[in-house]
Structures are given as C-alpha cells and as structure tokens.
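Contents: one structure, followed by commentary.
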Amino acid sequence: MASHPTHEVHGQPYVDEKASMTAEKQDSGGSRDVFAEDDVHQIQYKTLSWQAVSLLMIAEIVSNGILSLPSALAVVGIVPAVILIVFLGVFGLFTAKLLIDFKLNHPNVHTMGDAGYIMFGPVAREVLAFGTVAFAVFGSGSELLSSQQALSTLSNQGMCSMHLVIITGAVAFLISLPRTLDRLAWMGLLSAAVITLAGFIAMIGAGANPVPGRSLTVTTSSNFFDAFLAVTNPVFAYAGHFMFFILISEMRRPEDAMKAAWCLQGFATIFYAVFSIVMYVYIGNTVQSPALFSLPPAWAKATFGIALVNFLFSSGLYTHTAAKLVFVRIFRHSKHVYSHTLLGWTVWTLLCFAGVAIAVILAVAVPIFSYLIGIAAALFAAWYTYGLAGFFWLYDVYHLKGGVDGLKRRPIGTTIAVLTIIAGAFICIAGTYVSIKLIVGAYANGQVGRPFIC
C-alpha cells in the first residue's frame, strides 16, 4: 500500500489527504497489475487465453438473448427489431474496445469500481462496485429461475418450483467455487456449445411446427412504453461488459482481449438475429417470452433440457464474479489471494455461498423479482455496457494525450464519446421508468404472486 505523504505543521506531522488520495489512485490505476505473476504462488490467476474468455462470455450472455429477443419482433416489427439487434451488437463491440483500452492503460483495474475510483473518486468506486455485485447476484437469480422453468417443463410441473430453485442454487454454488476462471473454462466451452445447440433445436422445432394462420409484422407504430419495453430486450441481451475487467485481469495476454470481444459480439449479433427471425417467422406475433414456451411440448422439453446446463453454469459464473470482486477488494496483493490459506478459502467459500443464497432468496421470496431484474439492468448494465465507455475514452485522452487540447484535436472521437454517455443515460432512465411502470401495472392487475409458494 502506498505510504501517506506527511509534512510538519508547527512541529507536528500530519497526513496530506489530497496527496494520499493521489497516491492511492496511482496504485489503483498505475502499472502494477492487479494479479502479480510469480512461479512460487500456489494459485496462478493469469492463465486465460482469449479463446477461453470469448467462450465464457458467450456462455454467460447468449441465453438471455435467445429467451427474450423474439418477442421484441412482435412489438416493433421484424425490420426495426433486427436493425436494432445488429446496431446494438456493433455498438457493444465499440464500447468493448473503449473498455479494453482503458484496462490496458490501467492494468491494476479489476472491476468497474476500480475504474470509477480512478475517474471520479471513492464514492464512484463504492457505487459501481455495489452495482457490479448487485447485477451479478440478480443475474444469478435470473438464471436460477430459468433453470427452474426448465426443470418444471421437463417434469410437467410435477415438482415444487421453490424446491427446484434451491436445488439449482446448490449446483450453482458448486460451480462458483473454483478460485480462478481457468478452472471454469472447460465448462464455458460446454455451456457455449449447449446453448448454441439449444438455439438450433428451438429453430428446428419452430420450423417443423409453424403456427397456422400466424400474423407477422414488418414494421409498426407503437407508444413509447411498449416500444422501449421491446427495446430493452436487445439492449440487455448484450449486458456482459460488467465482467470484462475481471476476465481480462486473468488473461495471459490482456492485449488479446479485443479478439475475445470480436468473437463474442460477432457470434452473439449473428446468432441473435438469425434466431429471432426464424422463431418469429414460424411462430408469429404470439411468440412468448421466454420464446421456448412457444414451442410444442416435446420440442420445449428437448430445448430446455439441453439449455439447462447453460443456465446452471451462467448462474455459477455470475456468483463467481460477485465473490471475486469482494474477495480481491478484501485481500488484494495479500498471501490469501495467492496461497491456499484457511482464512482465504473460508472467506471465498462464504462469499460464494452468500451470493447464491441471496440469489435464491430473491428468486423465491420476492414476487416481483423478474421486474427488479429489469430495474437492475437499467440502473447498472446500461452504464456498464454503454455509457461508461464514453467516460473511459474522455478520461484517457484528457490525462494521457494532452488534456483539453487532446480532446479538441479529436472532435469526432469526443463527440462519439459524449453521445455514448448520453445513450447510456437515456437507456438507464427510460429502462427504469418502464420497469417501474410494469411493477405498478402488475400490482394493479393482480399479477403479482405470493412469496415462498410452489
């Protein structure tokens, strides 16, 4: 830890808080990598290849897209929805580039909280770190609900849904336990493969059983609420950027991170567009969300059965992410990070258990949890995936490339960065408004169930 600069006033030493904060910021964003490389360490972190990172990311976000995207086509029409899916995929690749550049310029950044501290100070660190943990826990709970839906479909609703969430939570806890992400890489490969296969099975099932008399909408007008509600599906289908810093920190060659981003965004954009079009063309405007419920029972069971592996892995990966952020925050650069100490393993296990336990409680005890996921995504994912990237670019150009003059010499880049920030703010505000209005409507229409029921 950097020592606090001291001076003497009237013969008495005092700590220069401003200089101390500057030193801490330099340690947080300087050349010292978050994970030191030393052969004597029992736990080695910097082991991921860019291929493994791309598979982990595909496994984590693609299930969100294939479950929710086809319904967006029914609301705004096939042409606007597909254009939006492709545009947001390309936009997500652009913001990934800005995020990766910021990480390479500040190797000691491990999370969005670290980045926030460098740019805005300690309050931003706490807010963005909390948002990362909260969004990861909500993501874990969302995947547990998807796992419960899969098992309920496979059992013909023969088991209590609350018990299924608890069972799947136990599996997610075991998946989250490895201390390093390379131990999850093989499961990432399996998970990415099964969710892709599940998508193809669903498309085959839809094509083999087209809905008679289905209606299709090429383009249509809609009010702001319905339109933006549909827009939130493709926006949050790409909401994986909050994990990028943590993943890149464990790469052997962080400079290869952009290759992983190309693979992730390229695959997700193409797969989302093809899957959404095929499912919508064969099912029509009656397509549900999740889309797999629109398939005949046998095909729904086959698809859910295959996708279940991905749901469980994604829940475990979300939990691992939340636990890793807190663990490194507590023990950064200490022996407990790099060695198999009793304290280190105890804290790590408790953090993973707490993450899953909170996710399970939210899923079974909060009737409006599915709506709260939308609020969490609007409040945090909108910034992590889009808005903050603009700040990353502006900060680095200002501090590393000539201050205000550096920004003036790059008018196009500066304008795009500002527009990126505005886009993130708009998605955040509009998404929160839509989610809150949905909750109010659900209570008014008696659609909110009771907690702890099967």
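Quick note on naming: the chains in the structure tokens go A, B, ... in the order shown, residues restart at 1 in each chain, and ligands are numbered from 1 in order of appearance.
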Legend entry - Residues near Ala376 (chain A), cut-off 8 Å, only C-alpha atoms, skip fewer than 4 positions along chain, as a ChimeraX atom specification: /A:134-135,138,372,380-381
Selection from above, C-alpha atoms, as a PDB file, in the first residue's frame, can you write it?
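Written file, out-v5.pdb:
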```
ATOM      1  CA  ALA A 134     -25.902  -6.445  -7.299  1.00  0.00           C
ATOM      2  CA  PHE A 135     -26.231  -7.020 -11.036  1.00  0.00           C
ATOM      3  CA  PHE A 138     -29.574 -10.584  -9.831  1.00  0.00           C
ATOM      4  CA  LEU A 372     -36.460  -5.963 -10.322  1.00  0.00           C
ATOM      5  CA  PHE A 380     -26.267  -0.607 -13.946  1.00  0.00           C
ATOM      6  CA  ALA A 381     -25.976  -2.609 -17.175  1.00  0.00           C
TER       7      ALA A 381
END
```
Would you mind listing what lies within 9 Å of Ala417 (chain A) as a JSON list (two decimals) with C-alpha atoms, in the first residue's frame, with only C-alpha atoms counted and same-chain residues fewer than 5 positions away left out?
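Produced file around_39.json, reproduced below:
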```json
[["chain", "number", "residue", "atom", "x", "y", "z"],
["A", 387, "GLY", "CA", -22.45, 4.82, -21.02],
["A", 389, "ALA", "CA", -17.24, 3.60, -22.14],
["A", 390, "GLY", "CA", -17.57, 7.24, -23.19],
["A", 391, "PHE", "CA", -16.10, 8.35, -19.86],
["A", 392, "PHE", "CA", -13.22, 5.87, -20.28],
["A", 393, "TRP", "CA", -12.26, 7.42, -23.61],
["A", 394, "LEU", "CA", -12.60, 11.01, -22.44],
["A", 412, "ILE", "CA", -15.13, 13.03, -33.89],
["A", 422, "ILE", "CA", -25.97, 10.24, -23.39]]
```
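Residue neighbourhood of Val448 (chain A), excluding near-sequence residues (fewer than 6 positions): Pro367, Ile368 and Ala442 of chain A, at 8 Å, using only C-alpha atoms.
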Legend entry - helix (DSSP H, G or I) per DSSP on the backbone: members of region 41-278 of chain A, as a ChimeraX atom specification: /A:50-76,78-105,112-120,122-154,161-176,181-208,224-237,241-249,254-278
Inset, instruction - Enter the distance from CA of Tyr443 (chain A) to CA of Tyr371 (chain A), in Å, rounded to one decimal. - result: 11.5 Å
Inset, instruction - Name all residues at most 8 Å from Phe452 (chain A) (count only C-alpha atoms; drop same-chain ones fewer than 2 positions away) and give them as a ChimeraX atom specification. - result: /A:162,364-365,450,454
Write out the residues from the selection above, keeping N, CA, C and O atoms, as a PDB file, in the first residue's frame.
```
ATOM      1  N   MET A 162     -40.236 -23.783  -5.880  1.00  0.00           N
ATOM      2  CA  MET A 162     -39.333 -23.255  -4.857  1.00  0.00           C
ATOM      3  C   MET A 162     -38.228 -24.257  -4.539  1.00  0.00           C
ATOM      4  O   MET A 162     -37.061 -23.894  -4.393  1.00  0.00           O
ATOM      5  N   VAL A 364     -37.195 -16.782  -4.806  1.00  0.00           N
ATOM      6  CA  VAL A 364     -38.357 -17.470  -4.237  1.00  0.00           C
ATOM      7  C   VAL A 364     -39.167 -16.598  -3.291  1.00  0.00           C
ATOM      8  O   VAL A 364     -40.341 -16.893  -3.019  1.00  0.00           O
ATOM      9  N   ALA A 365     -38.576 -15.513  -2.779  1.00  0.00           N
ATOM     10  CA  ALA A 365     -39.251 -14.717  -1.756  1.00  0.00           C
ATOM     11  C   ALA A 365     -39.754 -13.379  -2.260  1.00  0.00           C
ATOM     12  O   ALA A 365     -40.533 -12.722  -1.562  1.00  0.00           O
ATOM     13  N   ARG A 450     -47.485 -14.622  -4.560  1.00  0.00           N
ATOM     14  CA  ARG A 450     -47.059 -14.601  -3.160  1.00  0.00           C
ATOM     15  C   ARG A 450     -45.680 -15.231  -3.035  1.00  0.00           C
ATOM     16  O   ARG A 450     -45.291 -16.089  -3.839  1.00  0.00           O
ATOM     17  N   CYS A 454     -45.170 -22.833  -4.269  1.00  0.00           N
ATOM     18  CA  CYS A 454     -44.753 -23.734  -5.359  1.00  0.00           C
ATOM     19  C   CYS A 454     -45.443 -23.349  -6.649  1.00  0.00           C
ATOM     20  O   CYS A 454     -44.989 -23.717  -7.718  1.00  0.00           O
TER      21      CYS A 454
END
```
